[in-house]
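A.B. asks: What follows is a single structure, and I will ask about it in a moment.
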Amino acid sequence: MLIRLVVNGEPREADVWPGSSLLFMLREELGLPGSKNACEQGECGSCSVWLDGDLVCSCLVLAAQAHGREVRTVESLARDDVLHPVQEAFLQAGAVQCGFCTPGLVVAVTDLLDRDPSPDELTVREALSGNLCRCTGYEKVFEAVRLASRRRQEGEW
Amino acid sequence: MDVLLPATLDEALAMRAERPGAVPIAGGTDLMVELNFDHLRPEVMIDVSRLPELAVWRREDGELFVGSGVTYTRVLRELPEMRALAEAARTVGSPQIRNRGTIGGNLGTASPAGDPLPVLAAHDAEILLASADRGGRAIPWDAFLVGVKRTALAPDELILGARWRILRGPQSFAKVGTRNAMVIAVANLCFGLDPDTRTARVALGSVAPTVIRAPEAEAFLAEALQRAGAWDEPAAPLAPEDVEGFSERVAAATRPIDDVRGTAAYRRHVVRVLARRALARALDERVEEALAS
């Protein structure tokens, strides 16, 4: 089945088995392995992307459902060699251990701060409740959110 | 395998009539798991996630209609005043899941643990269905949810949504699970008081093959509130034995099983506690409301 969509601002197409997930298509057909394939059941959030601006688990979207729509992945965040401020905050806070959950978390944190630039602690926890880190590095992740949030309020991005 | 991408409801119903085995997929939060794990290989799927006719809600004549394509994120954003529904929506999955998951999806999957389903049951909701050949029909929620993951949906039908009369009194939803997010309920409960009809509503999930009501507990509570004069005077206290009697009867209405999420005994315990808390909260709210007005 031929799927045509816009990915990270560019028109793309891929011929996939109709039962493929959007995640599979992004990783295996479109050369975008940033979204990670872990649980394949929406539990872990490692495959988080934006579908028409909404944060979704790409493993739970049928590739065909993305036909004619717009997808943004973690690859859209950095510009050439310049990291996105959320990615920068993750680095500086040391919010990365094995790194597998990081792309999904970075996408989810960016989604949160775009909607709510200065979220309180509970809001952050609820916003990230769909992203699992099995190294249990959550405290550093929360630190990264606070850092990115502070810089956003200070007008740095 | 084919995936069909109708742009309108009429197109989708025509496809459903032509290919009765076709599986409708909305947010995909249940079905994609089945697909990813090779548990399901339908010959045809119909993407209903882009049908504008299903992605609407309406309030009219004291009733609420929620289209099957309305996501839980939209319920939270657009219908926060529908307290029990919004509280149930907030316990569904995670933000990612709520951005995709729909009322219609929970109805179609018909899991006994589906969080919004007790809210529909407590409101005596009607489920609206449509087919190309026979047009629309509305059936009560308990005629639609007929067993574990079984519904009365005909092979050529689609779920349009659910409709119910808006209750004026206090209402709430509560759920017990192993964490706050991304959890299938050990048990869940929707509670409401309807001062207009002087009735109580209790619906329970994950404690029987389908969502159930607890009619004996409801009748017991309505009568206890009557006896206490609490329908007319919100501050009139309810006797402690009536609170106990109510929560015992709620627990007695369940038919739970032991499974990976909890034992039958624990589920009965959970339901008893949730019923007591929901009642206390509702009575407090009535007092606060009376003081405020």
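Residue numbering restarts at 1 for every chain of the structure tokens, chains are lettered A, B, ... in their displayed order, and ligands are numbered from 1 as they appear.
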Gln87 of chain A: which residues within 12 Å, counting only C-alpha atoms, same-chain residues fewer than 5 positions away excluded, as a PyMOL selection string?

C.D. replies: chain A and resi 74-79+81-82+92-96+99+102-110+141+144-145+147-148

A.B. asks: As a list in words, please: the residues near segment 154-157 of chain B (cut-off 7 Å, only C-alpha atoms, same-chain neighbours under 6 positions excluded).

C.D. replies: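 Everything that qualifies: Leu13, Arg16, Ala17, Pro20, Gly21, Leu129, Ala130 and Ser131 of chain B.
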
A.B. asks: Write out as a list in words every residue belonging to chain A that has an atom at most 7 Å from any atom of chain B, counting only C-alpha atoms.

C.D. replies: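 Here is what falls inside 7 Å: Pro18, Gly19, Glu40, Gln41, Glu43, Asp54, Leu55, Val56, Cys57, Leu60, Val61, Ala64, Gln65, Ala127, Ser129 and Gly130 of chain A.
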
A.B. asks: List the spatial neighbours of segment 281-287 of chain B as number ranges by chain - criterion: any atom at most 12 Å away, only C-alpha atoms, same-chain residues fewer than 3 positions off excluded.

C.D. replies: B: 83-84, 168-174, 190-195, 200-201, 221, 225, 230-238, 243, 274-278, 290-293

A.B. asks: Would you save the residues from that selection as a compact mmCIF listing (two decimals), in the first residue's frame, using N, CA and C atoms?

C.D. replies:
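Once everything was written out, this is out-v8.txt:
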```txt
# COMPACT_ATOMS: atom_id res chain seq x y z
N ARG B 83 -18.48 15.82 34.81
CA ARG B 83 -17.47 15.44 35.81
C ARG B 83 -17.03 13.99 35.73
N ALA B 84 -18.00 13.08 35.81
CA ALA B 84 -17.63 11.66 35.85
C ALA B 84 -16.93 11.25 34.56
N ARG B 168 -27.96 16.24 37.07
CA ARG B 168 -27.72 17.53 37.72
C ARG B 168 -26.92 17.38 39.02
N GLY B 169 -27.04 16.23 39.66
CA GLY B 169 -26.43 16.06 40.98
C GLY B 169 -24.94 15.76 40.91
N PRO B 170 -24.34 15.53 42.10
CA PRO B 170 -22.92 15.20 42.13
C PRO B 170 -22.64 13.86 41.46
N GLN B 171 -21.47 13.77 40.86
CA GLN B 171 -21.10 12.52 40.19
C GLN B 171 -19.58 12.39 40.22
N SER B 172 -19.12 11.17 40.17
CA SER B 172 -17.68 10.96 40.21
C SER B 172 -17.31 9.63 39.58
N PHE B 173 -16.02 9.51 39.30
CA PHE B 173 -15.47 8.25 38.78
C PHE B 173 -14.20 7.95 39.57
N ALA B 174 -14.01 6.71 39.93
CA ALA B 174 -12.77 6.34 40.64
C ALA B 174 -12.30 4.99 40.15
N CYS B 190 -18.40 4.29 38.85
CA CYS B 190 -18.98 5.60 38.59
C CYS B 190 -20.18 5.75 39.51
N PHE B 191 -20.27 6.88 40.19
CA PHE B 191 -21.34 7.13 41.14
C PHE B 191 -22.03 8.44 40.80
N GLY B 192 -23.34 8.48 40.96
CA GLY B 192 -24.05 9.72 40.75
C GLY B 192 -25.32 9.78 41.57
N LEU B 193 -25.69 11.00 41.95
CA LEU B 193 -26.99 11.21 42.60
C LEU B 193 -27.80 12.08 41.67
N ASP B 194 -29.04 11.69 41.43
CA ASP B 194 -29.90 12.46 40.55
C ASP B 194 -31.05 13.03 41.37
N PRO B 195 -30.90 14.28 41.82
CA PRO B 195 -31.94 14.87 42.67
C PRO B 195 -33.28 15.02 41.94
N ALA B 200 -30.18 7.08 42.91
CA ALA B 200 -28.73 6.98 42.96
C ALA B 200 -28.29 6.08 41.82
N ARG B 201 -27.08 6.32 41.33
CA ARG B 201 -26.55 5.51 40.22
C ARG B 201 -25.18 4.98 40.61
N LEU B 221 -29.88 3.05 48.78
CA LEU B 221 -29.36 4.39 49.07
C LEU B 221 -30.43 5.46 48.86
N LEU B 225 -31.59 7.94 51.79
CA LEU B 225 -31.51 9.40 51.67
C LEU B 225 -32.89 10.01 51.92
N ALA B 230 -32.47 13.72 53.29
CA ALA B 230 -31.30 14.34 52.65
C ALA B 230 -31.56 14.80 51.21
N TRP B 231 -32.64 14.30 50.58
CA TRP B 231 -32.95 14.81 49.24
C TRP B 231 -33.38 16.27 49.34
N ASP B 232 -34.11 16.60 50.43
CA ASP B 232 -34.58 17.98 50.58
C ASP B 232 -33.56 18.84 51.32
N GLU B 233 -32.89 18.24 52.30
CA GLU B 233 -31.96 18.99 53.13
C GLU B 233 -30.57 18.35 53.01
N PRO B 234 -29.72 18.90 52.12
CA PRO B 234 -28.43 18.27 51.83
C PRO B 234 -27.58 18.03 53.08
N ALA B 235 -27.76 18.86 54.12
CA ALA B 235 -26.91 18.71 55.30
C ALA B 235 -27.41 17.60 56.23
N ALA B 236 -28.59 17.07 55.97
CA ALA B 236 -29.11 16.00 56.84
C ALA B 236 -28.19 14.80 56.76
N PRO B 237 -27.67 14.35 57.92
CA PRO B 237 -26.67 13.28 57.88
C PRO B 237 -27.31 11.92 57.58
N LEU B 238 -26.53 11.10 56.91
CA LEU B 238 -26.95 9.73 56.60
C LEU B 238 -26.42 8.84 57.73
N VAL B 243 -24.61 4.02 55.28
CA VAL B 243 -23.42 4.12 54.44
C VAL B 243 -22.82 2.73 54.26
N LEU B 274 -14.43 2.10 47.37
CA LEU B 274 -14.71 3.15 46.37
C LEU B 274 -16.15 3.65 46.51
N ALA B 275 -17.08 2.74 46.81
CA ALA B 275 -18.49 3.13 46.94
C ALA B 275 -18.66 4.07 48.14
N ARG B 276 -18.02 3.72 49.23
CA ARG B 276 -18.13 4.54 50.44
C ARG B 276 -17.53 5.93 50.19
N ARG B 277 -16.37 5.96 49.56
CA ARG B 277 -15.72 7.25 49.28
C ARG B 277 -16.55 8.11 48.33
N ALA B 278 -17.09 7.46 47.29
CA ALA B 278 -17.86 8.21 46.30
C ALA B 278 -19.10 8.81 46.94
N ALA B 290 -25.11 23.61 48.67
CA ALA B 290 -26.22 24.26 49.39
C ALA B 290 -25.71 25.51 50.12
N LEU B 291 -24.51 25.42 50.71
CA LEU B 291 -23.95 26.56 51.43
C LEU B 291 -23.64 27.70 50.46
N ALA B 292 -23.19 27.33 49.27
CA ALA B 292 -22.80 28.35 48.30
C ALA B 292 -24.01 29.09 47.72
N SER B 293 -25.17 28.43 47.73
CA SER B 293 -26.32 29.05 47.06
C SER B 293 -27.28 29.73 47.99
```

A.B. asks: Give me the residues near Val211 of chain B as a PyMOL selection string, where near means some atom within 10 Å (using only C-alpha atoms) and where sequence neighbours in that chain fewer than 3 positions away do not count.

C.D. replies: chain B and resi 110-115+117-122+141-142+145-148+188-189+203-208+254

A.B. asks: Please give the complete set of residues from segment 5-208 of chain B that DSSP, run on the backbone, assigns to strand (DSSP E), formatted as a PyMOL selection string.

C.D. replies: chain B and resi 23-25+44-47+57-60+63-67+126-131+135-140+145-147+150-151+157-165+171-176+187-194+199-205

A.B. asks: What's the 12 Å shell around segment 37-39 of chain A, counting only C-alpha atoms, without same-chain residues fewer than 2 positions away, as an MDAnalysis selection string?

C.D. replies: (chainID A and resid 21:28 32:35 41:48 57:60 100:101 103:104 130:134) or (chainID B and resid 32:33 36:37)

A.B. asks: Taking C-alpha atoms for each residue, export the selection above as a compact mmCIF listing (two decimals), in the first residue's frame.

C.D. replies:
```txt
# COMPACT_ATOMS: atom_id res chain seq x y z
CA SER A 21 2.53 0.65 12.06
CA LEU A 22 3.59 4.23 11.49
CA LEU A 23 6.63 3.42 13.67
CA PHE A 24 7.70 0.59 11.36
CA MET A 25 7.31 2.81 8.32
CA LEU A 26 9.34 5.64 9.86
CA ARG A 27 12.17 3.37 10.97
CA GLU A 28 12.37 0.78 8.24
CA LEU A 32 14.16 7.72 10.56
CA PRO A 33 15.27 5.39 13.38
CA GLY A 34 15.09 8.08 16.11
CA SER A 35 11.68 6.86 17.29
CA GLN A 41 1.76 -1.71 22.83
CA GLY A 42 1.73 1.96 23.75
CA GLU A 43 3.06 1.39 27.26
CA CYS A 44 6.54 2.89 26.99
CA GLY A 45 6.29 6.02 24.85
CA SER A 46 9.69 5.41 23.20
CA CYS A 47 8.08 5.80 19.78
CA SER A 48 6.37 9.13 20.54
CA CYS A 57 2.64 6.49 20.11
CA SER A 58 3.60 5.76 16.51
CA CYS A 59 3.45 2.00 17.23
CA LEU A 60 -0.31 2.37 17.74
CA PHE A 100 16.63 4.15 24.68
CA CYS A 101 13.73 6.10 26.20
CA PRO A 103 13.91 10.29 22.06
CA GLY A 104 10.38 9.60 23.29
CA GLY A 130 3.27 7.54 29.19
CA ASN A 131 7.05 7.38 28.93
CA LEU A 132 8.96 4.66 30.74
CA CYS A 133 12.65 4.79 31.65
CA ARG A 134 13.74 1.37 32.86
CA MET B 32 -2.75 -2.05 16.98
CA VAL B 33 -1.51 -4.06 19.95
CA ASN B 36 1.70 -5.78 16.37
CA PHE B 37 1.66 -9.06 18.28
```

A.B. asks: Determine the nearest neighbour of Arg72 of chain A from the options A:Leu122, A:Leu2, A:Leu91, A:Leu51, counting only C-alpha atoms.

C.D. replies: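 That would be A:Leu51, the residue with the smallest distance to Arg72 of chain A.
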
A.B. asks: Going by DSSP on the backbone, which residues of segment 24-115 of chain A come out as helix (DSSP H, G or I)? List them as a ChimeraX atom specification.

C.D. replies: /A:24-29,58-60,63-66,74-76,85-93,102-115

A.B. asks: Go ahead and compute the interatomic distance for atom CA of Trp57 of chain B and atom CA of Val75 of chain B, in Å to one decimal.

C.D. replies: 9.3 Å

A.B. asks: So what do you get for atom CA of Glu156 of chain A versus atom CA of Ser118 of chain A, distance-wise?

C.D. replies: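 Atom-to-atom, atom CA of Glu156 of chain A to atom CA of Ser118 of chain A, that is 13.7 Å.
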
A.B. asks: How many Å separate atom CA of Arg249 of chain B from atom CA of Ala264 of chain B?

C.D. replies: 15.7 Å
